[in-house]
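Quick notes on the structure that follows.
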Number of protein chains: 2
Amino acid sequence: MNLSDLSKQPSPWLQESGPASEVVISSRIRLARNLAGYEFKPCLTPSRQQEILETLKSALLSVPSPEPLFFIDIEGVSALERELLAERYLISLPHARGEGPRGVVIAQNENFSAMINEEDHLRMQVFAAGQQLEKCFEQISQVDNHLETKVQFAFHPRYGYLTACPTNLGTGIRVSVMLHLPGLKMTGQTEKFFNAARDCNLAVRGLFGEGSEAVGDFYQLSNQVTLGVTEQEIVQNFSRNIVPKIIEYEQAARQRLFEENPEAVEDKIHRSLAILRSARLISSQEALILLSHVRLGIHTGRIPDIPISKVNELFLHIQPAHLQMQAGRALSPDHRDILRARIIRTALCAN
Amino acid sequence: MNLSDLSKQPSPWLQESGPASEVVISSRIRLARNLAGYEFKPCLTPSRQQEILETLKSALLSVPSPEPLFFIDIEGVSALERELLAERYLISLPHARGEGPRGVVIAQNENFSAMINEEDHLRMQVFAAGQQLEKCFEQISQVDNHLETKVQFAFHPRYGYLTACPTNLGTGIRVSVMLHLPGLKMTGQTEKFFNAARDCNLAVRGLFGEGSEAVGDFYQLSNQVTLGVTEQEIVQNFSRNIVPKIIEYEQAARQRLFEENPEAVEDKIHRSLAILRSARLISSQEALILLSHVRLGIHTGRIPDIPISKVNELFLHIQPAHLQMQAGRALSPDHRDILRARIIRTALCAN
């Protein structure tokens, strides 16, 4: 797996158009596991950490997979390459910026990755475009089942899977979707959505996960309860009750917008595309806000000539590490703004 | 002169490209005169006002002119038509919105207009594109000389021409230029320009004259002293000393901008054009700001495919009365924003 090639291409799985993709950009299921007989990460010596790395690496590489699997030794790649992996959601920022023996196993189409020695010994995740949580769950369960034949995970008959942080105890599962909610935003219902999510014990985050702010109407929604329910219950509730409800609200909001003040929405959409196609300098924050409007324009038929995959691709390519990998060198924020604008112009004008 | 046709065409004189038009949009000279033997306007009865109207109308229509001259009875046209005339600088807003017998004589190419019974009995002005103050002065002097053979103006051997407001006493002249100073603005030198103007006893106003704020880097600069100097001295000082200095500063500022941070200026220019070409709703204030950047782009070769006359034309056509005359009916501000955006899109995309 050549990391500098990665920076030039979109994540293959994100190129597909999944169900309900007008509102749900992607689905993700993550499982946290720890090896029995080892301390949790904060108490591990480097040599024990190395043992875990070897054990899990070989177990993971033995998983039957239609896609080739690759191992990347995080200590062996540059800081920029680590950031690149984080921007592609293949590893977390703490994993990129942490210390000690650690690695990641990645499927070639990037829809599967498994971090070794992150907060837990093993954190693995499956992605899919659109709303495909149950498919993700099926896939990750197969991997989990295979791993259970190779290694022994720390498991307590009463509490379930043991994890470094008690918030993951039990199933160790995190179910999440990346949502695009410009309708709720423009009709002033975002606050209502936040409150409803909180009432359902769900966490709302920005595009880049924990601690990140929502930019450009993109929200990551995930479960917070992992104890006292089965994995199936969590996935099904999320997939069959919560997500369809949000899709319904968002679609209703969009319809209302276009009925009540079509010029105002179309103005936003067309201005955003025009700015993206002409700017000579652009920050990633502004680009995300504008891309959000363009995405809305594509899904509502106002922008007929740009495929949605082009927009999804830009989400990745305009990020700092991607820009610098493409440039082949470190770039100041000003130079990133220039290159970002050039990449966006090229991508959106060539259609 | 059909006023509804006016709303569809630019002021003919503004279509020409005058000297130094990168910085000086237009030149204007105005003379204030009052008839001897009549009270000043505030003390006139309607019948005396009517007498003045008849006298000056026939004197003005007898002026030898290469362009046909038309008289418009301001009381006889609709409120919207009066606003239209004001937006074209042919009459002032107080003249449009005032009361009593009053009128205006206009040359067909709109480079000359003479208001009767505005603040003074007669206020006449000559316009030209670019920096052509001396030509304007020559023209208006010919008209003034002709009128002196037909009527007697109130004149005091010591004070000169008597005017309703003492600020116009003496020569009754106002010399002004409409300036486009994006370079001074973007390099943070506007304040310096204001102070220098104040030190030279010059007034700086916005695009729409007295009381209007500067929008989009457009400034009207005019003399304030009319007493104790000759008309020639005022015009020559303005034309040969003041304006060339401002042009020099502005051009130096533009050069610095493009040398020091070309991306930032080009970003502004290209974004502005893109927004104007794509907006579905736009206020006149925003349009002026964006047109200012486009004008800079044209004059610095960054926008090669739009003639400057198109931009000058839009300055007029996007104003409220022009929009409503074009629509053939009164429009709410929201509907004006929609029509304004459509007119701008059409004008700037057809090139």
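Ordering of the structure tokens sets the chain letters (A, B, ...); residue numbers start at 1 within each chain; ligands are numbered from 1 in the order shown.
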Dump as JSON lines the rows for residues of chain A within 10 Å of chain B: closest atom pair and distance in Å with one decimal, only C-alpha atoms counted, ordered by chain and rising residue number.
```
{"residue": "A:Pro262", "atom": "CA", "partner": "B:Arg280", "partner_atom": "CA", "distance": 9.5}
{"residue": "A:Glu263", "atom": "CA", "partner": "B:Arg280", "partner_atom": "CA", "distance": 5.9}
{"residue": "A:Ala264", "atom": "CA", "partner": "B:Leu281", "partner_atom": "CA", "distance": 6.8}
{"residue": "A:Val265", "atom": "CA", "partner": "B:Arg280", "partner_atom": "CA", "distance": 8.8}
{"residue": "A:Glu266", "atom": "CA", "partner": "B:Arg280", "partner_atom": "CA", "distance": 6.6}
{"residue": "A:Asp267", "atom": "CA", "partner": "B:Arg280", "partner_atom": "CA", "distance": 4.4}
{"residue": "A:Lys268", "atom": "CA", "partner": "B:Ala279", "partner_atom": "CA", "distance": 7.7}
{"residue": "A:Ile269", "atom": "CA", "partner": "B:Ala279", "partner_atom": "CA", "distance": 8.9}
{"residue": "A:His270", "atom": "CA", "partner": "B:Ser278", "partner_atom": "CA", "distance": 5.6}
{"residue": "A:Arg271", "atom": "CA", "partner": "B:Ile275", "partner_atom": "CA", "distance": 5.4}
{"residue": "A:Ser272", "atom": "CA", "partner": "B:Ile275", "partner_atom": "CA", "distance": 8.3}
{"residue": "A:Leu273", "atom": "CA", "partner": "B:Ser278", "partner_atom": "CA", "distance": 8.6}
{"residue": "A:Ala274", "atom": "CA", "partner": "B:Ala274", "partner_atom": "CA", "distance": 5.2}
{"residue": "A:Ile275", "atom": "CA", "partner": "B:Arg271", "partner_atom": "CA", "distance": 5.4}
{"residue": "A:Leu276", "atom": "CA", "partner": "B:Arg271", "partner_atom": "CA", "distance": 8.5}
{"residue": "A:Arg277", "atom": "CA", "partner": "B:Ala274", "partner_atom": "CA", "distance": 8.0}
{"residue": "A:Ser278", "atom": "CA", "partner": "B:Arg271", "partner_atom": "CA", "distance": 5.6}
{"residue": "A:Ala279", "atom": "CA", "partner": "B:Asp267", "partner_atom": "CA", "distance": 5.2}
{"residue": "A:Arg280", "atom": "CA", "partner": "B:Asp267", "partner_atom": "CA", "distance": 4.5}
{"residue": "A:Leu281", "atom": "CA", "partner": "B:Asp267", "partner_atom": "CA", "distance": 6.0}
{"residue": "A:Ile282", "atom": "CA", "partner": "B:Asp267", "partner_atom": "CA", "distance": 8.8}
{"residue": "A:Asp334", "atom": "CA", "partner": "B:Glu263", "partner_atom": "CA", "distance": 9.8}
{"residue": "A:Asp337", "atom": "CA", "partner": "B:Glu263", "partner_atom": "CA", "distance": 9.9}
{"residue": "A:Ile338", "atom": "CA", "partner": "B:Glu263", "partner_atom": "CA", "distance": 7.5}
{"residue": "A:Ala341", "atom": "CA", "partner": "B:Asp267", "partner_atom": "CA", "distance": 9.4}
```
**Request:** Run DSSP on the backbone and give me the residues of range 95-168 of chain A it puts in helix (DSSP H, G or I), as a PyMOL selection string.
**Result:** chain A and resi 95-97+133-148+166-168
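The shell of residues at most 9 Å from Ala36 in chain A, with only C-alpha atoms counted and near chain neighbours (fewer than 3 positions) removed, consists of Glu39, Val151, Gln152, Phe153, Ala154 and Phe155 of chain A.
Pairwise distance (CA of Gly160 in chain B, CA of Val175 in chain B) equals 17.2 Å.
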**Request:** Please identify all polymer residues within 9 Å of range 125-128 of chain B, counting only C-alpha atoms, omitting same-chain residues fewer than 2 positions from it, and present them as a list in words.
**Result:** Trp13, Leu14, Glu16, Gly18, Ile25, Ser26, Ser27, Arg28, Ile29, Arg30, Leu31, Ala32, Leu90, Glu110, Asn111, Phe112, Ser113, Ala114, Met115, Arg123, Gly130, Gln131, Gln132, Leu133, Lys135, Cys136, Phe137, Gln139 and Ile140 of chain B
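Nearest to Asn223 in chain B of all the residues B:Leu202, B:Val235, B:Val77, B:Ala196 is B:Leu202, counting only C-alpha atoms.
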**Message:** For Phe70 in chain B, find every residue with an atom within 10 Å (counting only C-alpha atoms), except residues of its own chain fewer than 2 positions away, and show them as a ChimeraX atom specification.
**Reply:** /B:1,57,60-61,67-68,72-73,104-108,113
Create the file for the chosen residues now, containing N, CA and C atoms and written as a CSV table (one decimal), in the first residue's frame.
```csv
chain,number,residue,atom,x,y,z
B,1,MET,N,-38.9,62.5,-25.0
B,1,MET,CA,-38.1,61.6,-24.2
B,1,MET,C,-39.0,60.6,-23.4
B,57,LYS,N,-37.3,77.5,-18.4
B,57,LYS,CA,-37.6,76.5,-19.4
B,57,LYS,C,-37.3,77.0,-20.8
B,60,LEU,N,-33.6,77.8,-21.4
B,60,LEU,CA,-32.8,76.6,-21.5
B,60,LEU,C,-33.0,75.9,-22.9
B,61,LEU,N,-34.3,75.8,-23.3
B,61,LEU,CA,-34.6,75.1,-24.6
B,61,LEU,C,-34.0,75.9,-25.8
B,67,GLU,N,-27.1,68.1,-29.1
B,67,GLU,CA,-28.0,67.0,-28.7
B,67,GLU,C,-29.4,67.7,-28.5
B,68,PRO,N,-30.5,67.0,-28.9
B,68,PRO,CA,-31.8,67.5,-28.7
B,68,PRO,C,-32.0,67.7,-27.2
B,72,ILE,N,-38.9,68.2,-18.9
B,72,ILE,CA,-39.8,67.3,-18.1
B,72,ILE,C,-40.4,68.0,-17.0
B,73,ASP,N,-41.7,68.1,-16.9
B,73,ASP,CA,-42.4,68.7,-15.8
B,73,ASP,C,-42.4,67.7,-14.7
B,104,VAL,N,-37.1,69.9,-15.2
B,104,VAL,CA,-35.7,69.6,-15.6
B,104,VAL,C,-35.6,69.6,-17.1
B,105,VAL,N,-34.5,70.2,-17.6
B,105,VAL,CA,-34.2,70.1,-19.0
B,105,VAL,C,-33.0,69.2,-19.2
B,106,ILE,N,-33.2,68.3,-20.1
B,106,ILE,CA,-32.2,67.2,-20.2
B,106,ILE,C,-31.8,67.1,-21.7
B,107,ALA,N,-30.5,66.9,-21.9
B,107,ALA,CA,-30.0,66.6,-23.3
B,107,ALA,C,-30.2,65.2,-23.5
B,108,GLN,N,-30.4,64.8,-24.8
B,108,GLN,CA,-30.7,63.5,-25.1
B,108,GLN,C,-29.7,62.5,-24.7
B,113,SER,N,-28.0,68.3,-17.7
B,113,SER,CA,-29.3,68.5,-17.2
B,113,SER,C,-29.4,69.8,-16.4
```
